[in-house]
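Enquirer: Following this line is my_file.txt, made up of compact mmCIF, C-alpha atoms:
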```
# COMPACT_ATOMS: atom_id res chain seq x y z
CA MET J 281 22.77 4.45 10.35
CA ASN J 282 20.90 5.46 13.49
CA ARG J 283 18.64 2.83 15.00
CA PRO J 284 15.09 3.38 13.72
CA ASP J 285 12.40 4.68 16.06
CA SER J 286 9.53 3.97 13.66
CA ILE J 287 8.48 2.00 10.57
CA ILE J 288 6.24 3.24 7.76
CA PHE J 289 4.68 0.46 5.70
CA ASP J 290 3.29 0.27 2.22
CA LEU J 291 0.12 -1.85 2.02
CA ASP J 292 -0.48 -3.69 -1.27
CA GLY J 293 2.31 -6.14 -2.04
CA THR J 294 3.89 -5.58 1.37
CA MET J 295 1.28 -6.63 3.92
CA TRP J 296 -1.80 -7.46 1.82
CA ASP J 297 -2.73 -8.98 -1.54
CA THR J 298 -6.08 -7.94 -3.06
CA ARG J 299 -5.19 -8.49 -6.72
CA ASP J 300 -7.88 -11.07 -7.50
CA ASP J 301 -10.58 -9.23 -5.55
CA VAL J 302 -9.79 -5.94 -7.26
CA ALA J 303 -9.72 -7.54 -10.72
CA GLU J 304 -13.17 -9.07 -10.15
CA ILE J 305 -14.64 -5.83 -8.79
CA TRP J 306 -13.14 -3.62 -11.51
CA ASN J 307 -14.34 -6.03 -14.21
CA GLU J 308 -17.91 -5.61 -12.91
CA VAL J 309 -17.59 -1.84 -13.34
CA PHE J 310 -15.93 -2.17 -16.76
CA VAL J 311 -18.80 -4.34 -18.02
CA LYS J 312 -21.33 -1.83 -16.71
CA TYR J 313 -19.70 0.82 -18.91
CA GLY J 314 -19.57 -1.45 -21.95
CA PHE J 315 -15.97 -2.63 -21.75
CA GLU J 316 -14.67 -6.19 -21.79
CA ALA J 317 -14.06 -7.88 -18.43
CA SER J 318 -10.44 -8.61 -19.25
CA LEU J 319 -8.60 -7.75 -16.04
CA THR J 320 -6.70 -10.41 -14.12
CA GLY J 321 -4.95 -10.29 -10.78
CA GLU J 322 -1.61 -10.15 -12.58
CA ILE J 323 -2.67 -7.13 -14.64
CA VAL J 324 -3.98 -5.35 -11.53
CA ALA J 325 -0.68 -6.00 -9.73
CA SER J 326 1.19 -4.16 -12.47
CA TYR J 327 -0.74 -0.98 -11.58
CA MET J 328 -0.64 -1.34 -7.80
CA GLY J 329 1.60 1.23 -6.20
CA LEU J 330 0.39 3.97 -8.55
CA PRO J 331 -2.08 6.61 -7.43
CA TYR J 332 -5.59 5.68 -8.60
CA ASN J 333 -5.83 8.41 -11.23
CA GLU J 334 -2.47 7.44 -12.75
CA ALA J 335 -3.40 3.76 -12.86
CA MET J 336 -6.70 4.53 -14.58
CA GLU J 337 -5.06 6.91 -17.03
CA GLN J 338 -2.56 4.24 -18.06
CA MET J 339 -5.24 1.58 -18.25
CA LEU J 340 -8.03 3.60 -19.87
CA GLY J 341 -6.24 6.56 -21.42
CA HIS J 342 -7.83 5.77 -24.78
CA ILE J 343 -11.37 6.58 -23.63
CA PRO J 344 -12.85 10.06 -23.03
CA GLU J 345 -11.71 11.64 -19.78
CA GLU J 346 -15.25 12.25 -18.53
CA ILE J 347 -16.11 8.54 -18.74
CA ARG J 348 -12.73 7.52 -17.33
CA ILE J 349 -13.24 9.73 -14.27
CA LYS J 350 -16.70 8.25 -13.66
CA MET J 351 -15.30 4.73 -13.92
CA MET J 352 -12.37 5.61 -11.64
CA ASP J 353 -14.66 7.06 -8.98
CA GLU J 354 -16.99 4.07 -9.13
CA CYS J 355 -14.15 1.53 -9.05
CA ALA J 356 -12.65 3.27 -6.01
CA SER J 357 -15.87 3.41 -4.00
CA VAL J 358 -17.15 -0.04 -4.95
CA GLU J 359 -13.75 -1.66 -4.44
CA THR J 360 -13.38 -0.60 -0.83
CA GLN J 361 -17.01 -1.39 -0.02
CA LYS J 362 -16.99 -4.87 -1.55
CA ILE J 363 -13.59 -5.88 -0.19
CA ASP J 364 -14.83 -4.86 3.26
CA GLU J 365 -18.15 -6.69 2.83
CA ARG J 366 -16.44 -9.88 1.64
CA ASN J 367 -13.61 -9.72 4.19
CA GLY J 368 -11.50 -9.82 1.04
CA GLY J 369 -7.79 -9.70 0.45
CA LYS J 370 -5.12 -12.05 1.68
CA ILE J 371 -2.78 -10.91 4.39
CA PHE J 372 0.77 -12.08 3.72
CA PRO J 373 2.23 -14.83 5.91
CA ASN J 374 3.61 -13.82 9.31
CA VAL J 375 2.40 -10.21 9.17
CA LYS J 376 0.40 -10.19 12.39
CA GLU J 377 2.96 -12.23 14.33
CA THR J 378 5.75 -9.91 13.20
CA LEU J 379 3.76 -6.78 14.02
CA ASP J 380 3.16 -8.24 17.49
CA GLU J 381 6.92 -8.06 18.04
CA LEU J 382 7.70 -4.83 16.19
CA VAL J 383 5.09 -2.77 18.03
CA LYS J 384 6.90 -3.46 21.31
CA ASP J 385 9.89 -1.38 20.16
CA TYR J 386 8.78 0.77 17.22
CA ARG J 387 6.01 3.15 16.29
CA LEU J 388 4.15 1.82 13.25
CA PHE J 389 2.47 3.67 10.35
CA ILE J 390 1.00 3.06 6.89
CA VAL J 391 1.33 5.27 3.80
CA SER J 392 -0.32 3.97 0.63
CA ASN J 393 -1.30 5.25 -2.81
CA CYS J 394 -4.86 4.09 -2.25
CA GLN J 395 -8.30 5.59 -1.84
CA LYS J 396 -10.03 6.65 1.36
CA GLY J 397 -11.30 3.75 3.41
CA TYR J 398 -8.98 1.14 1.89
CA ILE J 399 -6.40 1.13 4.69
CA GLU J 400 -9.23 1.14 7.22
CA ALA J 401 -10.76 -1.92 5.52
CA PHE J 402 -7.42 -3.73 5.74
CA LEU J 403 -7.12 -2.91 9.43
CA ARG J 404 -10.70 -3.93 10.23
CA ILE J 405 -10.65 -7.19 8.28
CA ASN J 406 -7.37 -8.27 9.85
CA ARG J 407 -8.00 -6.75 13.29
CA LEU J 408 -4.86 -4.65 13.22
CA GLU J 409 -6.19 -1.22 14.23
CA GLU J 410 -4.28 -1.20 17.50
CA TYR J 411 -0.87 -1.58 15.85
CA PHE J 412 -0.74 1.62 13.79
CA GLU J 413 -0.65 5.14 15.19
CA ASP J 414 -1.37 6.97 11.95
CA THR J 415 -2.03 6.34 8.26
CA GLU J 416 -2.19 8.39 5.07
CA ASN J 417 -3.45 7.79 1.54
CA ALA J 418 -3.18 9.48 -1.84
CA GLU J 419 -6.87 10.30 -2.25
CA ASN J 420 -7.01 12.06 1.10
CA THR J 421 -4.17 14.47 0.32
CA GLY J 422 -3.81 14.44 -3.46
CA LEU J 423 -0.07 14.11 -2.92
CA GLN J 424 2.61 11.69 -4.09
CA LYS J 425 3.71 8.98 -1.67
CA GLY J 426 6.97 10.69 -0.79
CA GLU J 427 5.09 13.83 0.20
CA ASN J 428 2.68 11.73 2.27
CA ASN J 429 5.65 10.11 3.99
CA LYS J 430 6.81 13.61 4.86
CA LEU J 431 3.40 14.50 6.30
CA VAL J 432 3.35 11.43 8.53
CA ILE J 433 6.94 11.99 9.65
CA GLU J 434 6.33 15.64 10.53
CA ARG J 435 2.98 15.34 12.29
CA ASN J 436 4.19 12.40 14.39
CA ASN J 437 7.62 13.91 15.09
CA LEU J 438 9.48 10.84 13.83
CA LYS J 439 13.26 11.03 14.16
CA ASN J 440 14.60 7.92 12.39
CA PRO J 441 11.85 6.24 10.36
CA VAL J 442 12.28 3.41 7.86
CA TYR J 443 9.99 2.71 4.90
CA VAL J 444 9.05 -0.87 3.94
CA GLY J 445 7.59 -1.47 0.48
CA ASP J 446 7.72 -3.56 -2.67
CA THR J 447 7.86 -1.19 -5.65
CA LYS J 448 10.18 1.29 -7.32
CA GLY J 449 7.70 3.98 -6.33
CA ASP J 450 8.08 2.94 -2.70
CA ALA J 451 11.84 3.20 -3.03
CA ARG J 452 11.52 6.68 -4.52
CA SER J 453 9.14 7.73 -1.74
CA ALA J 454 11.74 6.76 0.86
CA GLU J 455 14.48 8.53 -1.07
CA PHE J 456 12.30 11.66 -1.24
CA VAL J 457 12.39 11.99 2.55
CA ARG J 458 15.92 10.57 2.83
CA ILE J 459 15.07 7.57 4.95
CA PRO J 460 16.19 3.92 4.61
CA PHE J 461 14.16 1.66 2.34
CA VAL J 462 13.50 -2.02 3.03
CA TYR J 463 12.49 -3.91 -0.10
CA ALA J 464 9.82 -6.62 0.26
CA GLU J 465 10.99 -8.75 -2.65
CA TYR J 466 8.02 -11.14 -2.36
CA GLY J 467 5.75 -8.30 -3.55
CA PHE J 468 4.63 -7.02 -6.95
CA ASP J 469 7.68 -5.28 -8.40
CA THR J 470 11.42 -5.62 -8.94
CA VAL J 471 13.54 -3.04 -7.13
CA GLU J 472 17.29 -2.75 -7.46
CA LYS J 473 18.09 0.11 -5.09
CA TYR J 474 17.41 -0.53 -1.39
CA ASP J 475 19.08 -0.50 2.02
CA ALA J 476 17.89 -3.97 3.00
CA LYS J 477 15.56 -6.61 1.60
CA ILE J 478 13.28 -9.30 2.98
CA ALA J 479 11.92 -12.46 1.36
CA ASP J 480 9.26 -12.86 4.07
CA PHE J 481 7.65 -10.27 6.33
CA SER J 482 9.06 -12.00 9.42
CA GLU J 483 12.61 -11.25 8.23
CA LEU J 484 12.14 -7.67 9.42
CA LEU J 485 12.91 -8.98 12.89
CA LYS J 486 16.31 -10.23 11.74
CA LEU J 487 17.57 -7.14 9.92
CA ASP J 488 20.70 -5.55 11.33
CA MET J 489 19.10 -2.10 11.41
CA PHE J 490 16.51 -3.36 13.93
CA ASN J 491 19.03 -5.14 16.16
```
With the file now loaded, output its structure as structure tokens.
Expert:
Amino acid sequence: MNRPDSIIFDLDGTMWDTRDDVAEIWNEVFVKYGFEASLTGEIVASYMGLPYNEAMEQMLGHIPEEIRIKMMDECASVETQKIDERNGGKIFPNVKETLDELVKDYRLFIVSNCQKGYIEAFLRINRLEEYFEDTENAENTGLQKGENNKLVIERNNLKNPVYVGDTKGDARSAEFVRIPFVYAEYGFDTVEKYDAKIADFSELLKLDMFN
């Protein structure tokens, strides 16, 4: 394996945890539309990693599409706004300290199956704008994560990137562009196929591929 020149990160479950905030915000929208406020952080985590429309279809596939789309759009816009207003979400331990070291030797990026503004909220709240050269999200392109990885790789002329994430979808997105996958096993999903794994974000600094 060639030594990486860059690292592409997933967001939810890898660097940030907004499960409880999202559950509370989505419940407010659900109640507005006459549905029970039954979401918990654990339930939300089971959908994280999916594009917004897929998550809503799985969650609310039993209701008319027109209403589901309205709820999806409102959840997406209100979620980002309220998380930003509340300085919500919990950054995982050792993320900033580890990024401080990684940015000295690697170009850093984020690709997430989130809505517009969500990555920017994460960066603002945690004061991490300076660390990442480029980001991409599913709403912006309408593409799957693997295809968004490809976009970021091509437009930034990356030669040997690595993808770091916590879900099976993240693993597939790395496989799609044939790059190594580092599994963040402290995240929201169980993944069996990976090139390396970490139990804490700081363990990135100890991986053989980065040394």
Enquirer: Report, in Å with one decimal, the straight-line distance from CA of Met351 (chain J) to CA of Glu322 (chain J).
Expert: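 Going from CA of Met351 (chain J) over to CA of Glu322 (chain J) covers 20.3 Å.
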Enquirer: Show me as an mmCIF file with C-alpha atoms, keeping the file's coordinate frame the residues that reach within 12 Å of (10.7, -4.1, 17.3), counting all atoms listed in the file and using the file's own coordinates.
Expert:
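In the end it all went to part_4.cif:
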```cif
data_model
loop_
_atom_site.group_PDB
_atom_site.id
_atom_site.type_symbol
_atom_site.label_atom_id
_atom_site.label_comp_id
_atom_site.auth_asym_id
_atom_site.auth_seq_id
_atom_site.Cartn_x
_atom_site.Cartn_y
_atom_site.Cartn_z
ATOM 1 C CA ARG J 283 18.640 2.830 15.000
ATOM 2 C CA PRO J 284 15.090 3.380 13.720
ATOM 3 C CA ASP J 285 12.400 4.680 16.060
ATOM 4 C CA SER J 286 9.530 3.970 13.660
ATOM 5 C CA ILE J 287 8.480 2.000 10.570
ATOM 6 C CA GLU J 377 2.960 -12.230 14.330
ATOM 7 C CA THR J 378 5.750 -9.910 13.200
ATOM 8 C CA LEU J 379 3.760 -6.780 14.020
ATOM 9 C CA ASP J 380 3.160 -8.240 17.490
ATOM 10 C CA GLU J 381 6.920 -8.060 18.040
ATOM 11 C CA LEU J 382 7.700 -4.830 16.190
ATOM 12 C CA VAL J 383 5.090 -2.770 18.030
ATOM 13 C CA LYS J 384 6.900 -3.460 21.310
ATOM 14 C CA ASP J 385 9.890 -1.380 20.160
ATOM 15 C CA TYR J 386 8.780 0.770 17.220
ATOM 16 C CA ARG J 387 6.010 3.150 16.290
ATOM 17 C CA LEU J 388 4.150 1.820 13.250
ATOM 18 C CA TYR J 411 -0.870 -1.580 15.850
ATOM 19 C CA SER J 482 9.060 -12.000 9.420
ATOM 20 C CA GLU J 483 12.610 -11.250 8.230
ATOM 21 C CA LEU J 484 12.140 -7.670 9.420
ATOM 22 C CA LEU J 485 12.910 -8.980 12.890
ATOM 23 C CA LYS J 486 16.310 -10.230 11.740
ATOM 24 C CA LEU J 487 17.570 -7.140 9.920
ATOM 25 C CA ASP J 488 20.700 -5.550 11.330
ATOM 26 C CA MET J 489 19.100 -2.100 11.410
ATOM 27 C CA PHE J 490 16.510 -3.360 13.930
ATOM 28 C CA ASN J 491 19.030 -5.140 16.160
#
```
Enquirer: When distances are computed from all atoms listed in the file, which of J:Thr470, J:Thr294, J:Ser453, J:Ser357 shows the smallest separation from Pro373 (chain J)?
Expert: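 That would be J:Thr294, the residue with the smallest distance to Pro373 (chain J).
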Enquirer: Between J:Lys425, J:Lys439, J:Lys430, J:Arg407, which is the closest to Asn282 (chain J) once you count all atoms listed in the file?
Expert: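 Using all atoms listed in the file, the shortest distance to Asn282 (chain J) belongs to J:Lys439.
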Enquirer: What does the distance from CA of Lys396 (chain J) to CA of Val358 (chain J) come to in Å, to one decimal?
Expert: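 For CA of Lys396 (chain J) relative to CA of Val358 (chain J), the distance reads 11.6 Å.
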Enquirer: Could you state the separation of CA of Glu308 (chain J) and CA of Gly422 (chain J) in Å, given to one decimal place?
Expert: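 Atom-to-atom, CA of Glu308 (chain J) and CA of Gly422 (chain J) are spaced 26.3 Å apart.
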Enquirer: I want to know what sits within 9 Å of Trp296 (chain J), based on all atoms listed in the file, with residues of the same chain fewer than 2 positions away left out; could you give that as a PyMOL selection string?
Expert: chain J and resi 291-294+298+369-372+375+402
Enquirer: Out of J:Asp290, J:Gly341, J:Cys355, J:Arg458, which residue has the shortest atom-to-atom distance to Glu304 (chain J) when counting only C-alpha atoms?
Expert: J:Cys355
Enquirer: Extract, using all atoms listed in the file, all DNA, RNA and protein residues at most 12 Å from Phe315 (chain J), discarding same-chain residues fewer than 2 positions from it, and format them as a VMD selection string.
Expert: chain J and resid 306 to 313 317 to 319 340 343 347 to 348 351
Enquirer: Need the shell around region 365-368 of chain J: protein/DNA/RNA residues with any atom at most 12 Å away, counting all atoms listed in the file. Skip same-chain ones fewer than 5 positions apart. Format as JSON, numbers by chain?
Expert: {"J": [296, 297, 298, 299, 300, 301, 302, 304, 305, 358, 359, 360, 398, 401, 402, 403, 404, 405, 406, 407]}
Enquirer: Which polymer residues have any atom within 8 Å of an atom of region 327-334 of chain J, counting only C-alpha atoms, with same-chain residues fewer than 4 positions away left out, as a PyMOL selection string?
Expert: chain J and resi 292+323+338+352+356+392-395+418-419+424+447+449-450+468
Enquirer: Write out as a ChimeraX atom specification each polymer residue whose atoms come within 6 Å of Phe412 (chain J), counting only C-alpha atoms; drop sequence neighbours fewer than 2 positions from it.
Expert: /J:388-389,410,414
Enquirer: Rank J:Lys350, J:Lys473, J:Lys362, J:His342 by their smallest atom-to-atom distance to Lys448 (chain J), using only C-alpha atoms, and report the top residue only.
Expert: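 Closest to Lys448 (chain J) of all the choices is J:Lys473.
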Enquirer: Of the residues J:Ala303, J:Tyr474, J:Pro344, J:Glu416, which is the one nearest to Asn436 (chain J), using only C-alpha atoms?
Expert: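 Of J:Ala303, J:Tyr474, J:Pro344, J:Glu416, the one nearest Asn436 (chain J) is J:Glu416, counting only C-alpha atoms.
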Enquirer: Pick the closest to Arg435 (chain J) from J:Ala451, J:Thr415, J:Phe289, J:Ala325: which is it, counting all atoms listed in the file?
Expert: J:Thr415
